[in-house]
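Visitor: So I've got this file, model13.cif, and it contains mmCIF, C-alpha atoms:
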```
data_target
#
loop_
_atom_site.group_PDB
_atom_site.id
_atom_site.type_symbol
_atom_site.label_atom_id
_atom_site.label_comp_id
_atom_site.auth_asym_id
_atom_site.auth_seq_id
_atom_site.Cartn_x
_atom_site.Cartn_y
_atom_site.Cartn_z
ATOM 1 C CA MET L 483 20.550 96.202 66.145
ATOM 2 C CA ARG L 484 19.693 94.190 69.152
ATOM 3 C CA ARG L 485 17.480 95.634 71.715
ATOM 4 C CA LYS L 486 18.438 94.719 75.224
ATOM 5 C CA GLU L 487 16.046 94.857 78.060
ATOM 6 C CA SER L 488 17.146 94.916 81.706
ATOM 7 C CA PHE L 489 15.261 93.899 84.762
ATOM 8 C CA THR L 490 15.850 94.914 88.409
ATOM 9 C CA ALA L 491 16.125 91.938 90.626
ATOM 10 C CA ALA L 492 13.683 91.797 93.474
ATOM 11 C CA PRO L 493 14.370 90.269 96.777
ATOM 12 C CA ALA L 494 14.395 86.489 96.661
ATOM 13 C CA SER L 495 11.714 86.288 99.227
ATOM 14 C CA THR L 496 9.172 88.315 97.224
ATOM 15 C CA VAL L 497 10.069 88.073 93.421
ATOM 16 C CA ALA L 498 9.866 84.873 91.217
ATOM 17 C CA PRO L 499 12.890 83.935 89.104
ATOM 18 C CA PRO L 500 12.901 85.629 85.660
ATOM 19 C CA ALA L 501 11.699 83.685 82.521
ATOM 20 C CA PRO L 502 14.340 82.713 79.933
ATOM 21 C CA ARG L 503 15.271 85.493 77.636
ATOM 22 C CA ILE L 504 14.467 85.171 73.976
ATOM 23 C CA GLU L 505 16.774 86.820 71.490
ATOM 24 C CA ARG L 506 15.604 87.360 67.922
ATOM 25 C CA PRO L 507 18.024 88.184 65.098
ATOM 26 C CA ALA L 508 17.732 91.645 63.771
ATOM 27 C CA LEU L 509 16.613 92.110 60.156
ATOM 28 C CA ARG L 510 19.396 92.719 57.613
ATOM 29 C CA VAL L 511 19.005 94.804 54.528
ATOM 30 C CA VAL L 512 20.013 92.927 51.316
ATOM 31 C CA SER L 513 20.905 94.650 48.104
ATOM 32 C CA ASN L 514 18.747 94.216 45.019
ATOM 33 C CA LEU L 515 19.105 90.763 43.298
ATOM 34 C CA SER L 516 19.385 90.291 39.585
ATOM 35 C CA PRO L 517 17.204 87.442 38.207
ATOM 36 C CA VAL L 518 19.045 84.510 36.684
ATOM 37 C CA THR L 519 17.824 83.795 33.161
ATOM 38 C CA ARG L 520 17.725 80.402 31.414
ATOM 39 C CA ASP L 521 20.949 81.304 29.600
ATOM 40 C CA ARG L 522 22.999 82.385 32.631
ATOM 41 C CA ALA L 523 24.068 80.916 35.963
ATOM 42 C CA LEU L 524 26.289 81.987 38.876
ATOM 43 C CA VAL L 525 29.776 80.565 38.751
ATOM 44 C CA PRO L 526 31.313 79.879 42.195
ATOM 45 C CA GLY L 527 34.725 81.354 42.879
ATOM 46 C CA GLN L 528 34.551 84.042 40.185
ATOM 47 C CA GLY L 529 33.119 86.785 42.261
ATOM 48 C CA ARG L 530 29.656 87.505 43.424
ATOM 49 C CA GLY L 531 27.120 87.959 40.717
ATOM 50 C CA THR L 532 29.293 86.720 37.809
ATOM 51 C CA LEU L 533 27.067 85.137 35.106
ATOM 52 C CA VAL L 534 28.083 82.676 32.372
ATOM 53 C CA PRO L 535 26.043 80.903 29.611
ATOM 54 C CA VAL L 536 24.453 77.548 30.545
ATOM 55 C CA ARG L 537 25.090 74.528 28.266
ATOM 56 C CA ARG L 538 21.962 72.945 26.860
ATOM 57 C CA ARG L 539 21.591 69.142 26.179
ATOM 58 C CA GLY L 540 20.384 68.384 22.709
ATOM 59 C CA GLY L 541 21.013 66.384 19.540
ATOM 60 C CA MET L 542 19.683 63.202 17.959
ATOM 61 C CA LEU L 543 20.304 60.938 20.959
ATOM 62 C CA VAL L 544 18.305 63.202 23.253
ATOM 63 C CA THR L 545 15.438 63.308 20.726
ATOM 64 C CA LEU L 546 15.419 59.520 20.371
ATOM 65 C CA GLY L 547 15.514 59.093 24.140
ATOM 66 C CA ASN L 548 12.551 61.381 24.627
ATOM 67 C CA TRP L 549 10.630 59.576 21.856
ATOM 68 C CA TRP L 550 11.404 56.177 23.421
ATOM 69 C CA VAL L 551 10.107 57.314 26.817
ATOM 70 C CA LEU L 552 6.904 58.694 25.334
ATOM 71 C CA HIS L 553 6.224 55.905 22.809
ATOM 72 C CA LYS L 554 7.870 52.826 24.309
ATOM 73 C CA ARG L 555 4.834 50.527 23.922
ATOM 74 C CA LEU L 556 4.273 51.498 20.297
ATOM 75 C CA ALA L 557 7.956 51.004 19.529
ATOM 76 C CA LEU L 558 7.949 47.500 21.015
ATOM 77 C CA ARG L 559 4.925 46.547 18.917
ATOM 78 C CA LEU L 560 6.561 47.824 15.742
ATOM 79 C CA ILE L 561 9.745 45.900 16.493
ATOM 80 C CA THR L 562 7.758 42.700 17.174
ATOM 81 C CA LEU L 563 5.857 43.049 13.902
ATOM 82 C CA LEU L 564 9.067 43.678 12.001
ATOM 83 C CA VAL L 565 10.735 40.586 13.458
ATOM 84 C CA ALA L 566 7.668 38.421 12.752
ATOM 85 C CA ALA L 567 7.441 39.643 9.166
ATOM 86 C CA THR L 568 11.131 38.978 8.640
ATOM 87 C CA LEU L 569 10.825 35.430 9.988
ATOM 88 C CA ALA L 570 7.724 34.752 7.883
ATOM 89 C CA ILE L 571 9.355 35.951 4.685
ATOM 90 C CA GLY L 572 12.500 34.008 5.445
ATOM 91 C CA GLY L 573 10.529 30.846 6.204
ATOM 92 C CA TYR L 574 8.573 31.146 2.947
ATOM 93 C CA VAL L 575 11.709 31.648 0.892
ATOM 94 C CA LEU L 576 13.499 28.734 2.564
ATOM 95 C CA ARG L 577 10.417 26.502 2.972
ATOM 96 C CA GLU L 578 11.732 23.707 0.762
ATOM 97 C CA ASP L 579 15.108 23.573 2.474
ATOM 98 C CA LEU L 580 13.464 23.700 5.907
ATOM 99 C CA GLY L 581 11.046 20.930 4.958
ATOM 100 C CA GLU L 582 13.834 18.669 3.760
ATOM 101 C CA GLY L 583 15.846 19.363 6.882
ATOM 102 C CA LEU L 584 12.949 18.655 9.226
ATOM 103 C CA GLY L 585 12.101 15.482 7.326
ATOM 104 C CA LEU L 586 15.680 14.292 7.609
ATOM 105 C CA VAL L 587 15.766 15.055 11.324
ATOM 106 C CA GLY L 588 12.456 13.240 11.814
ATOM 107 C CA ALA L 589 13.684 10.199 9.933
ATOM 108 C CA LEU L 590 16.862 10.095 11.985
ATOM 109 C CA MET L 591 14.921 10.436 15.225
ATOM 110 C CA ASN L 592 12.492 7.669 14.233
ATOM 111 C CA GLY L 593 15.374 5.420 13.356
ATOM 112 C CA GLN L 594 17.100 6.071 16.644
ATOM 113 C CA MET L 595 13.892 5.534 18.648
ATOM 114 C CA ALA L 596 13.281 2.276 16.811
ATOM 115 C CA ASP L 597 16.794 1.122 17.566
ATOM 116 C CA VAL L 598 16.303 1.646 21.326
ATOM 117 C CA GLY L 599 13.068 -0.375 21.462
ATOM 118 C CA PHE L 600 10.278 2.052 20.453
ATOM 119 C CA SER L 601 9.591 0.441 17.073
ATOM 120 C CA ILE L 602 5.899 -0.564 16.657
ATOM 121 C CA ALA L 603 5.941 -4.335 16.929
ATOM 122 C CA SER L 604 2.276 -5.277 17.521
ATOM 123 C CA ILE L 605 -1.176 -3.913 16.630
ATOM 124 C CA GLU L 606 -4.361 -5.019 18.412
ATOM 125 C CA ILE L 607 -7.597 -4.331 16.493
ATOM 126 C CA ASN L 608 -10.994 -4.714 18.207
ATOM 127 C CA GLY L 609 -14.580 -4.459 16.959
ATOM 128 C CA LEU L 610 -14.198 -5.845 13.437
ATOM 129 C CA SER L 611 -17.165 -7.559 11.857
ATOM 130 C CA LEU L 612 -17.687 -5.960 8.460
ATOM 131 C CA THR L 613 -14.245 -4.392 8.122
ATOM 132 C CA ARG L 614 -11.162 -6.247 6.963
ATOM 133 C CA GLU L 615 -7.996 -6.121 9.048
ATOM 134 C CA ALA L 616 -5.991 -5.423 5.909
ATOM 135 C CA ASP L 617 -7.975 -2.232 5.277
ATOM 136 C CA VAL L 618 -7.350 -1.019 8.831
ATOM 137 C CA ALA L 619 -3.628 -1.843 8.638
ATOM 138 C CA HIS L 620 -3.331 0.018 5.336
ATOM 139 C CA ALA L 621 -5.120 3.051 6.787
ATOM 140 C CA LEU L 622 -2.784 3.123 9.795
ATOM 141 C CA GLY L 623 0.156 3.567 7.431
ATOM 142 C CA ILE L 624 2.713 1.837 9.642
ATOM 143 C CA GLU L 625 5.947 0.906 7.927
ATOM 144 C CA ALA L 626 8.849 -1.208 9.056
ATOM 145 C CA GLY L 627 10.839 0.639 11.697
ATOM 146 C CA SER L 628 8.094 3.155 12.529
ATOM 147 C CA SER L 629 8.505 4.588 16.020
ATOM 148 C CA SER L 630 5.633 4.693 18.480
ATOM 149 C CA LEU L 631 6.870 8.068 19.752
ATOM 150 C CA GLY L 632 6.583 9.739 16.363
ATOM 151 C CA PHE L 633 3.347 8.010 15.299
ATOM 152 C CA ASP L 634 0.554 10.561 14.632
ATOM 153 C CA ILE L 635 -2.555 9.099 16.280
ATOM 154 C CA ALA L 636 -4.933 11.858 15.150
ATOM 155 C CA ALA L 637 -4.033 11.546 11.476
ATOM 156 C CA ALA L 638 -4.216 7.746 11.602
ATOM 157 C CA ARG L 639 -7.656 7.878 13.246
ATOM 158 C CA LEU L 640 -8.986 10.098 10.448
ATOM 159 C CA ARG L 641 -7.670 7.678 7.823
ATOM 160 C CA VAL L 642 -9.277 4.689 9.565
ATOM 161 C CA GLU L 643 -12.628 6.492 9.805
ATOM 162 C CA GLU L 644 -12.567 7.004 6.022
ATOM 163 C CA ILE L 645 -13.148 3.258 5.603
ATOM 164 C CA PRO L 646 -16.825 2.982 4.488
ATOM 165 C CA SER L 647 -17.823 0.477 7.174
ATOM 166 C CA VAL L 648 -16.204 2.392 10.078
ATOM 167 C CA ASP L 649 -18.280 4.849 12.065
ATOM 168 C CA GLU L 650 -15.746 5.770 14.771
ATOM 169 C CA ALA L 651 -12.231 4.707 15.710
ATOM 170 C CA THR L 652 -9.941 5.204 18.680
ATOM 171 C CA ILE L 653 -6.213 4.517 18.690
ATOM 172 C CA ARG L 654 -4.130 4.196 21.836
ATOM 173 C CA LYS L 655 -0.384 3.791 22.256
ATOM 174 C CA VAL L 656 0.876 1.166 24.660
ATOM 175 C CA TYR L 657 4.547 1.900 25.235
ATOM 176 C CA PRO L 658 7.027 0.916 24.235
ATOM 177 C CA ASP L 659 5.990 -0.920 21.049
ATOM 178 C CA SER L 660 2.218 -1.528 20.718
ATOM 179 C CA LEU L 661 -0.966 0.069 19.352
ATOM 180 C CA VAL L 662 -4.554 -0.714 20.335
ATOM 181 C CA VAL L 663 -7.200 0.162 17.727
ATOM 182 C CA SER L 664 -10.900 0.041 18.667
ATOM 183 C CA ILE L 665 -13.442 0.168 15.835
ATOM 184 C CA THR L 666 -17.156 1.044 15.970
ATOM 185 C CA GLU L 667 -18.754 -0.045 12.720
ATOM 186 C CA LYS L 668 -21.801 1.368 10.964
ATOM 187 C CA GLU L 669 -25.013 -0.608 11.332
ATOM 188 C CA PRO L 670 -26.207 -2.150 8.047
ATOM 189 C CA MET L 671 -29.893 -1.561 7.377
ATOM 190 C CA ALA L 672 -30.383 -3.554 4.154
ATOM 191 C CA ARG L 673 -28.740 -5.352 1.263
ATOM 192 C CA TRP L 674 -28.563 -3.615 -2.104
ATOM 193 C CA ARG L 675 -28.122 -5.659 -5.264
ATOM 194 C CA ILE L 676 -26.995 -3.757 -8.330
ATOM 195 C CA ASP L 677 -24.951 -4.751 -11.399
ATOM 196 C CA GLY L 678 -24.592 -8.301 -10.118
ATOM 197 C CA ALA L 679 -23.058 -7.285 -6.760
ATOM 198 C CA THR L 680 -24.776 -7.204 -3.362
ATOM 199 C CA MET L 681 -23.636 -4.599 -0.864
ATOM 200 C CA LEU L 682 -24.624 -3.747 2.680
ATOM 201 C CA ILE L 683 -25.975 -0.209 3.035
ATOM 202 C CA ASP L 684 -26.473 2.022 6.051
ATOM 203 C CA GLY L 685 -29.449 4.224 6.882
ATOM 204 C CA SER L 686 -28.436 6.827 4.305
ATOM 205 C CA GLY L 687 -28.219 4.233 1.544
ATOM 206 C CA SER L 688 -24.423 4.367 1.252
ATOM 207 C CA PRO L 689 -22.633 1.054 0.622
ATOM 208 C CA ILE L 690 -20.467 0.047 3.569
ATOM 209 C CA ALA L 691 -19.271 -3.506 2.852
ATOM 210 C CA PRO L 692 -19.915 -6.532 0.641
ATOM 211 C CA ALA L 693 -22.851 -8.651 1.802
ATOM 212 C CA SER L 694 -22.341 -12.259 2.861
ATOM 213 C CA VAL L 695 -24.463 -15.255 3.786
ATOM 214 C CA GLU L 696 -24.537 -14.083 7.419
ATOM 215 C CA ASN L 697 -26.470 -10.971 6.316
ATOM 216 C CA GLY L 698 -29.335 -12.927 4.740
ATOM 217 C CA ASP L 699 -31.841 -11.738 7.348
ATOM 218 C CA LEU L 700 -31.569 -8.130 6.175
ATOM 219 C CA PRO L 701 -34.125 -6.777 3.662
ATOM 220 C CA LEU L 702 -33.029 -6.886 0.018
ATOM 221 C CA VAL L 703 -33.546 -3.971 -2.364
ATOM 222 C CA ILE L 704 -32.804 -4.212 -6.069
ATOM 223 C CA GLY L 705 -32.262 -1.716 -8.841
ATOM 224 C CA GLU L 706 -30.748 1.626 -9.709
ATOM 225 C CA GLY L 707 -31.447 4.226 -7.014
ATOM 226 C CA ALA L 708 -32.873 1.670 -4.601
ATOM 227 C CA GLY L 709 -30.289 2.436 -1.924
ATOM 228 C CA ASP L 710 -31.281 6.095 -1.523
ATOM 229 C CA ASP L 711 -34.939 5.379 -0.656
ATOM 230 C CA ALA L 712 -34.526 1.905 0.823
ATOM 231 C CA LEU L 713 -34.927 2.777 4.513
ATOM 232 C CA ALA L 714 -38.157 4.752 4.012
ATOM 233 C CA MET L 715 -39.738 1.993 1.924
ATOM 234 C CA ILE L 716 -38.655 -0.774 4.302
ATOM 235 C CA ASN L 717 -40.159 1.080 7.268
ATOM 236 C CA LEU L 718 -43.388 1.618 5.328
ATOM 237 C CA VAL L 719 -43.771 -2.048 4.405
ATOM 238 C CA ASN L 720 -42.982 -3.134 7.970
ATOM 239 C CA ARG L 721 -46.133 -1.352 9.104
ATOM 240 C CA TYR L 722 -48.056 -4.254 7.537
ATOM 241 C CA PRO L 723 -46.610 -7.487 8.971
ATOM 242 C CA ASP L 724 -48.923 -9.681 6.842
ATOM 243 C CA LEU L 725 -47.287 -8.278 3.700
ATOM 244 C CA THR L 726 -43.743 -9.074 4.816
ATOM 245 C CA PHE L 727 -44.320 -12.819 5.100
ATOM 246 C CA ASP L 728 -42.461 -14.598 2.281
ATOM 247 C CA LEU L 729 -41.299 -11.207 0.919
ATOM 248 C CA ALA L 730 -38.051 -11.709 -1.014
ATOM 249 C CA ALA L 731 -37.106 -8.221 -2.218
ATOM 250 C CA LEU L 732 -38.157 -4.683 -2.961
ATOM 251 C CA ASN L 733 -37.448 -3.796 -6.579
ATOM 252 C CA ARG L 734 -36.901 -0.147 -7.589
ATOM 253 C CA VAL L 735 -38.249 0.450 -11.098
ATOM 254 C CA ALA L 736 -36.744 3.317 -13.135
ATOM 255 C CA ASP L 737 -35.965 5.079 -9.861
ATOM 256 C CA ARG L 738 -39.652 6.094 -9.691
ATOM 257 C CA ARG L 739 -41.705 3.361 -8.038
ATOM 258 C CA TRP L 740 -41.447 -0.003 -6.240
ATOM 259 C CA ASP L 741 -42.435 -3.624 -6.844
ATOM 260 C CA LEU L 742 -42.854 -6.233 -4.112
ATOM 261 C CA ILE L 743 -41.291 -9.565 -5.080
ATOM 262 C CA PHE L 744 -42.223 -12.703 -3.109
ATOM 263 C CA TYR L 745 -40.443 -16.062 -2.970
ATOM 264 C CA SER L 746 -43.485 -17.662 -4.633
ATOM 265 C CA GLY L 747 -42.741 -15.655 -7.767
ATOM 266 C CA LEU L 748 -45.586 -13.189 -7.213
ATOM 267 C CA ARG L 749 -44.860 -9.571 -8.136
ATOM 268 C CA VAL L 750 -46.981 -6.706 -6.797
ATOM 269 C CA GLN L 751 -46.650 -3.504 -8.814
ATOM 270 C CA LEU L 752 -47.110 -0.400 -6.633
ATOM 271 C CA PRO L 753 -47.960 3.065 -8.004
ATOM 272 C CA GLU L 754 -45.507 5.946 -8.258
ATOM 273 C CA THR L 755 -47.682 8.053 -5.948
ATOM 274 C CA GLY L 756 -50.171 6.947 -3.315
ATOM 275 C CA VAL L 757 -48.004 4.082 -2.094
ATOM 276 C CA VAL L 758 -49.466 4.186 1.423
ATOM 277 C CA ASP L 759 -53.014 3.821 0.143
ATOM 278 C CA ALA L 760 -52.001 0.971 -2.185
ATOM 279 C CA LEU L 761 -50.285 -0.953 0.613
ATOM 280 C CA SER L 762 -53.288 -0.441 2.890
ATOM 281 C CA ARG L 763 -55.662 -1.877 0.259
ATOM 282 C CA LEU L 764 -53.299 -4.780 -0.432
ATOM 283 C CA ASN L 765 -53.188 -5.536 3.295
ATOM 284 C CA ASP L 766 -57.018 -5.575 3.409
ATOM 285 C CA TYR L 767 -57.122 -7.977 0.444
ATOM 286 C CA GLN L 768 -54.664 -10.230 2.190
ATOM 287 C CA LEU L 769 -56.620 -10.287 5.443
ATOM 288 C CA GLU L 770 -59.931 -10.954 3.695
ATOM 289 C CA HIS L 771 -58.962 -13.103 0.700
ATOM 290 C CA GLN L 772 -55.354 -14.266 1.275
ATOM 291 C CA VAL L 773 -54.518 -12.800 -2.103
ATOM 292 C CA LEU L 774 -50.787 -13.302 -1.644
ATOM 293 C CA GLN L 775 -51.278 -17.071 -1.301
ATOM 294 C CA ARG L 776 -53.338 -17.333 -4.476
ATOM 295 C CA ASP L 777 -51.997 -18.910 -7.637
ATOM 296 C CA LEU L 778 -51.012 -15.559 -9.129
ATOM 297 C CA ASP L 779 -47.813 -14.215 -10.602
ATOM 298 C CA LEU L 780 -48.817 -10.517 -10.908
ATOM 299 C CA ILE L 781 -50.956 -8.014 -9.004
ATOM 300 C CA ASP L 782 -51.076 -4.620 -10.672
ATOM 301 C CA MET L 783 -52.015 -1.729 -8.348
ATOM 302 C CA ARG L 784 -50.510 1.113 -10.380
ATOM 303 C CA VAL L 785 -53.944 2.653 -11.109
ATOM 304 C CA ALA L 786 -55.786 4.006 -8.073
ATOM 305 C CA GLN L 787 -59.027 2.200 -7.144
ATOM 306 C CA TYR L 788 -58.272 -0.645 -9.574
ATOM 307 C CA VAL L 789 -56.529 -3.973 -9.098
ATOM 308 C CA ALA L 790 -55.518 -6.246 -11.961
ATOM 309 C CA VAL L 791 -54.310 -9.801 -11.407
ATOM 310 C CA ARG L 792 -52.680 -12.378 -13.660
ATOM 311 C CA PRO L 793 -52.901 -16.079 -12.812
ATOM 312 C CA THR L 794 -49.821 -18.212 -12.891
ATOM 313 C CA VAL L 795 -49.395 -20.194 -16.115
ATOM 314 C CA ARG L 796 -48.276 -23.769 -15.459
ATOM 315 C CA GLU L 797 -46.356 -25.950 -17.879
ATOM 316 C CA GLU L 798 -49.013 -28.722 -17.632
ATOM 317 C CA GLU L 799 -51.665 -26.270 -18.806
ATOM 318 C CA ASP L 800 -49.482 -25.302 -21.795
ATOM 319 C CA ASP L 801 -49.048 -28.969 -22.761
ATOM 320 C CA SER L 802 -52.780 -29.694 -22.510
ATOM 321 C CA GLN L 803 -53.545 -26.834 -24.790
#
```
Kindly transcribe the structure held in the file into structure tokens.

Guide:
Amino acid sequence: MRRKESFTAAPASTVAPPAPRIERPALRVVSNLSPVTRDRALVPGQGRGTLVPVRRRGGMLVTLGNWWVLHKRLALRLITLLVAATLAIGGYVLREDLGEGLGLVGALMNGQMADVGFSIASIEINGLSLTREADVAHALGIEAGSSSLGFDIAAARLRVEEIPSVDEATIRKVYPDSLVVSITEKEPMARWRIDGATMLIDGSGSPIAPASVENGDLPLVIGEGAGDDALAMINLVNRYPDLTFDLAALNRVADRRWDLIFYSGLRVQLPETGVVDALSRLNDYQLEHQVLQRDLDLIDMRVAQYVAVRPTVREEEDDSQ
């Protein structure tokens, strides 16, 4: 019910105009409501309060959808792994067929590139002194009709660096049809004569190239095992410049000790141990007595603190006797 209030108007000269009237709706009593359960819902148009069962969504598709939402990242990883494993197994089973197919495609592509002007026509090789051009060309592995586009520079560089005299190599393509090969060779430290052949050796004693007349200024070592210890012995002898004059070779004996051989025919036998002390004493004898210029063919220093010498026997002396 609405409650109405009335006011008596006052004379205009003495009473202010009334404030706007505010009407509030009266409260209405509502009958008791029945709660709607999860299995029932109101159906419009079938009377107030009519309840019917509610359909529920379910089944395999709904379950899979919920699982996909919750585990999407894991599912993607599993699918990726499955695809990768399938491709790997398939590639292993068909590896021979795939290899033949790729080889055929590569050959066709090389042939086509060669036909349009990308065939390797010239090779420039720089830095050769000890290395033969034929060895470098063989290591490059270039055949007639090889294409510069398909030429594997990295593999060719490794093959060139396997040449004993080559320390480093760089290969550069100059399109459309040229290669530039730059060689850095190993530095020979000595000549090693063994079994009738003379080879140049590097600091580690490994043979790098055949020796020639141009390498005659390098020290000469002779004998089995001489290459391995050559650098250490050469450096030791060079500490005594008076002993290197007229020195022809260093001879390794039984891979245990060294002999000094001079152009005069003199041989100095050094001990197996105490080589530094023996060379120091020999240097003193040379400075004081010029023992290396004496008419001797053997100086034996194999026993510490003792020196044995053998004079040179001349043919005239043999005849007179």

Visitor: Tell me, in Å to one decimal, how far atom CA of Tyr745 of chain L is from atom CA of Gln772 of chain L.

Guide: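 Spanning atom CA of Tyr745 of chain L to atom CA of Gln772 of chain L is a straight-line distance of 15.6 Å.
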
Visitor: Write out as an MDAnalysis selection string each polymer residue whose atoms come within 9 Å of segment 633-636 of chain L, counting all atoms listed in the file; drop sequence neighbours fewer than 3 positions from it.

Guide: chainID L and resid 622 624 628:630 639:641 652:655

Visitor: What's the 9 Å shell around Ala626 of chain L, counting all atoms listed in the file, without same-chain residues fewer than 5 positions away, as a PyMOL selection string?

Guide: chain L and resi 601-603

Visitor: Using the file's own x, y and z axes, so that the box edges lie along x, y and z, what centre and edge lengths in Å (one decimal) does a box around every listed atom of segment 745-757 of chain L get when 3 Å is added on each side? Give it as lines of an AutoDock Vina configuration file.

Guide:
```
center_x = -45.3
center_y = -4.8
center_z = -5.5
size_x = 15.7
size_y = 31.7
size_z = 12.7
```

Visitor: Got a sec: who's within 10 Å of Asp724 of chain L, counting only C-alpha atoms, leaving out chain neighbours fewer than 3 positions off, as a list in words?

Guide: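 After dropping sequence-adjacent residues, the list is Val719, Asn720, Arg721, Phe727, Asp728, Leu729, Leu764, Asn765, Asp766, Gln768, Leu769, Gln772 and Leu774 of chain L.
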
Visitor: Could those residues be written to a file, using C-alpha atoms, as a PDB file, in the frame of the given file?

Guide:
```pdb
ATOM      1  CA  VAL L 719     -43.771  -2.048   4.405  1.00  0.00           C
ATOM      2  CA  ASN L 720     -42.982  -3.134   7.970  1.00  0.00           C
ATOM      3  CA  ARG L 721     -46.133  -1.352   9.104  1.00  0.00           C
ATOM      4  CA  PHE L 727     -44.320 -12.819   5.100  1.00  0.00           C
ATOM      5  CA  ASP L 728     -42.461 -14.598   2.281  1.00  0.00           C
ATOM      6  CA  LEU L 729     -41.299 -11.207   0.919  1.00  0.00           C
ATOM      7  CA  LEU L 764     -53.299  -4.780  -0.432  1.00  0.00           C
ATOM      8  CA  ASN L 765     -53.188  -5.536   3.295  1.00  0.00           C
ATOM      9  CA  ASP L 766     -57.018  -5.575   3.409  1.00  0.00           C
ATOM     10  CA  GLN L 768     -54.664 -10.230   2.190  1.00  0.00           C
ATOM     11  CA  LEU L 769     -56.620 -10.287   5.443  1.00  0.00           C
ATOM     12  CA  GLN L 772     -55.354 -14.266   1.275  1.00  0.00           C
ATOM     13  CA  LEU L 774     -50.787 -13.302  -1.644  1.00  0.00           C
TER      14      LEU L 774
END
```

Visitor: Expressed in Å to a single decimal, how great is the separation between atom CA of Val703 of chain L and atom CA of Leu725 of chain L?

Guide: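 If I compute the distance from atom CA of Val703 of chain L to atom CA of Leu725 of chain L, I get 15.6 Å.
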
Visitor: For the file shown, report as an MDAnalysis selection string the outcome of the PyMOL selection byres ((chain L and resi 620) around 12) at residue level.

Guide: chainID L and resid 614:619 621:625 638:639 641:642 644:645

Visitor: Emit the selected residues as a PDB file, in the coordinates of the input, including C-alpha atoms.

Guide:
```
ATOM      1  CA  ARG L 614     -11.162  -6.247   6.963  1.00  0.00           C
ATOM      2  CA  GLU L 615      -7.996  -6.121   9.048  1.00  0.00           C
ATOM      3  CA  ALA L 616      -5.991  -5.423   5.909  1.00  0.00           C
ATOM      4  CA  ASP L 617      -7.975  -2.232   5.277  1.00  0.00           C
ATOM      5  CA  VAL L 618      -7.350  -1.019   8.831  1.00  0.00           C
ATOM      6  CA  ALA L 619      -3.628  -1.843   8.638  1.00  0.00           C
ATOM      7  CA  ALA L 621      -5.120   3.051   6.787  1.00  0.00           C
ATOM      8  CA  LEU L 622      -2.784   3.123   9.795  1.00  0.00           C
ATOM      9  CA  GLY L 623       0.156   3.567   7.431  1.00  0.00           C
ATOM     10  CA  ILE L 624       2.713   1.837   9.642  1.00  0.00           C
ATOM     11  CA  GLU L 625       5.947   0.906   7.927  1.00  0.00           C
ATOM     12  CA  ALA L 638      -4.216   7.746  11.602  1.00  0.00           C
ATOM     13  CA  ARG L 639      -7.656   7.878  13.246  1.00  0.00           C
ATOM     14  CA  ARG L 641      -7.670   7.678   7.823  1.00  0.00           C
ATOM     15  CA  VAL L 642      -9.277   4.689   9.565  1.00  0.00           C
ATOM     16  CA  GLU L 644     -12.567   7.004   6.022  1.00  0.00           C
ATOM     17  CA  ILE L 645     -13.148   3.258   5.603  1.00  0.00           C
TER      18      ILE L 645
END
```

Visitor: Could you list, as a PDB file with C-alpha atoms, in the coordinates of the input, every residue within 10 Å of Gly709 of chain L, counting only C-alpha atoms and ignoring same-chain residues fewer than 4 positions away?

Guide:
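Result went into result25.pdb, see below:
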```
ATOM      1  CA  ALA L 672     -30.383  -3.554   4.154  1.00  0.00           C
ATOM      2  CA  ARG L 673     -28.740  -5.352   1.263  1.00  0.00           C
ATOM      3  CA  TRP L 674     -28.563  -3.615  -2.104  1.00  0.00           C
ATOM      4  CA  ARG L 675     -28.122  -5.659  -5.264  1.00  0.00           C
ATOM      5  CA  ILE L 676     -26.995  -3.757  -8.330  1.00  0.00           C
ATOM      6  CA  MET L 681     -23.636  -4.599  -0.864  1.00  0.00           C
ATOM      7  CA  LEU L 682     -24.624  -3.747   2.680  1.00  0.00           C
ATOM      8  CA  ILE L 683     -25.975  -0.209   3.035  1.00  0.00           C
ATOM      9  CA  ASP L 684     -26.473   2.022   6.051  1.00  0.00           C
ATOM     10  CA  GLY L 685     -29.449   4.224   6.882  1.00  0.00           C
ATOM     11  CA  SER L 686     -28.436   6.827   4.305  1.00  0.00           C
ATOM     12  CA  GLY L 687     -28.219   4.233   1.544  1.00  0.00           C
ATOM     13  CA  SER L 688     -24.423   4.367   1.252  1.00  0.00           C
ATOM     14  CA  PRO L 689     -22.633   1.054   0.622  1.00  0.00           C
ATOM     15  CA  LEU L 702     -33.029  -6.886   0.018  1.00  0.00           C
ATOM     16  CA  VAL L 703     -33.546  -3.971  -2.364  1.00  0.00           C
ATOM     17  CA  ILE L 704     -32.804  -4.212  -6.069  1.00  0.00           C
ATOM     18  CA  GLY L 705     -32.262  -1.716  -8.841  1.00  0.00           C
ATOM     19  CA  LEU L 713     -34.927   2.777   4.513  1.00  0.00           C
ATOM     20  CA  ARG L 734     -36.901  -0.147  -7.589  1.00  0.00           C
TER      21      ARG L 734
END
```

Visitor: For atom CA of Ala712 of chain L and atom CA of Ala731 of chain L, quote the distance in Å rounded to one decimal.

Guide: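 Taking atom CA of Ala712 of chain L as the start and atom CA of Ala731 of chain L as the end point, the length is 10.9 Å.
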
Visitor: Is it possible to get the residues within 8 Å of (-44.1, -11.1, -4.9) (coordinates as in the file, counting all atoms listed in the file) written as a list in words?

Guide: Leu729, Ala730, Asp741, Leu742, Ile743, Phe744, Tyr745, Ser746, Gly747, Leu748, Arg749, Val750, Leu774, Asp779 and Leu780 of chain L

Visitor: Which neighbours of Thr666 of chain L fall inside 8 Å, counting only C-alpha atoms, when residues of the same chain fewer than 4 positions from it are skipped, and could you give them as a PyMOL selection string?

Guide: chain L and resi 609-610+648-651

Visitor: Output C-alpha atoms for every residue in the selection just made, as a compact mmCIF listing (two decimals), keeping the file's coordinate frame.

Guide:
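The result, written out as part-v6.txt:
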```txt
# COMPACT_ATOMS: atom_id res chain seq x y z
CA GLY L 609 -14.58 -4.46 16.96
CA LEU L 610 -14.20 -5.84 13.44
CA VAL L 648 -16.20 2.39 10.08
CA ASP L 649 -18.28 4.85 12.06
CA GLU L 650 -15.75 5.77 14.77
CA ALA L 651 -12.23 4.71 15.71
```
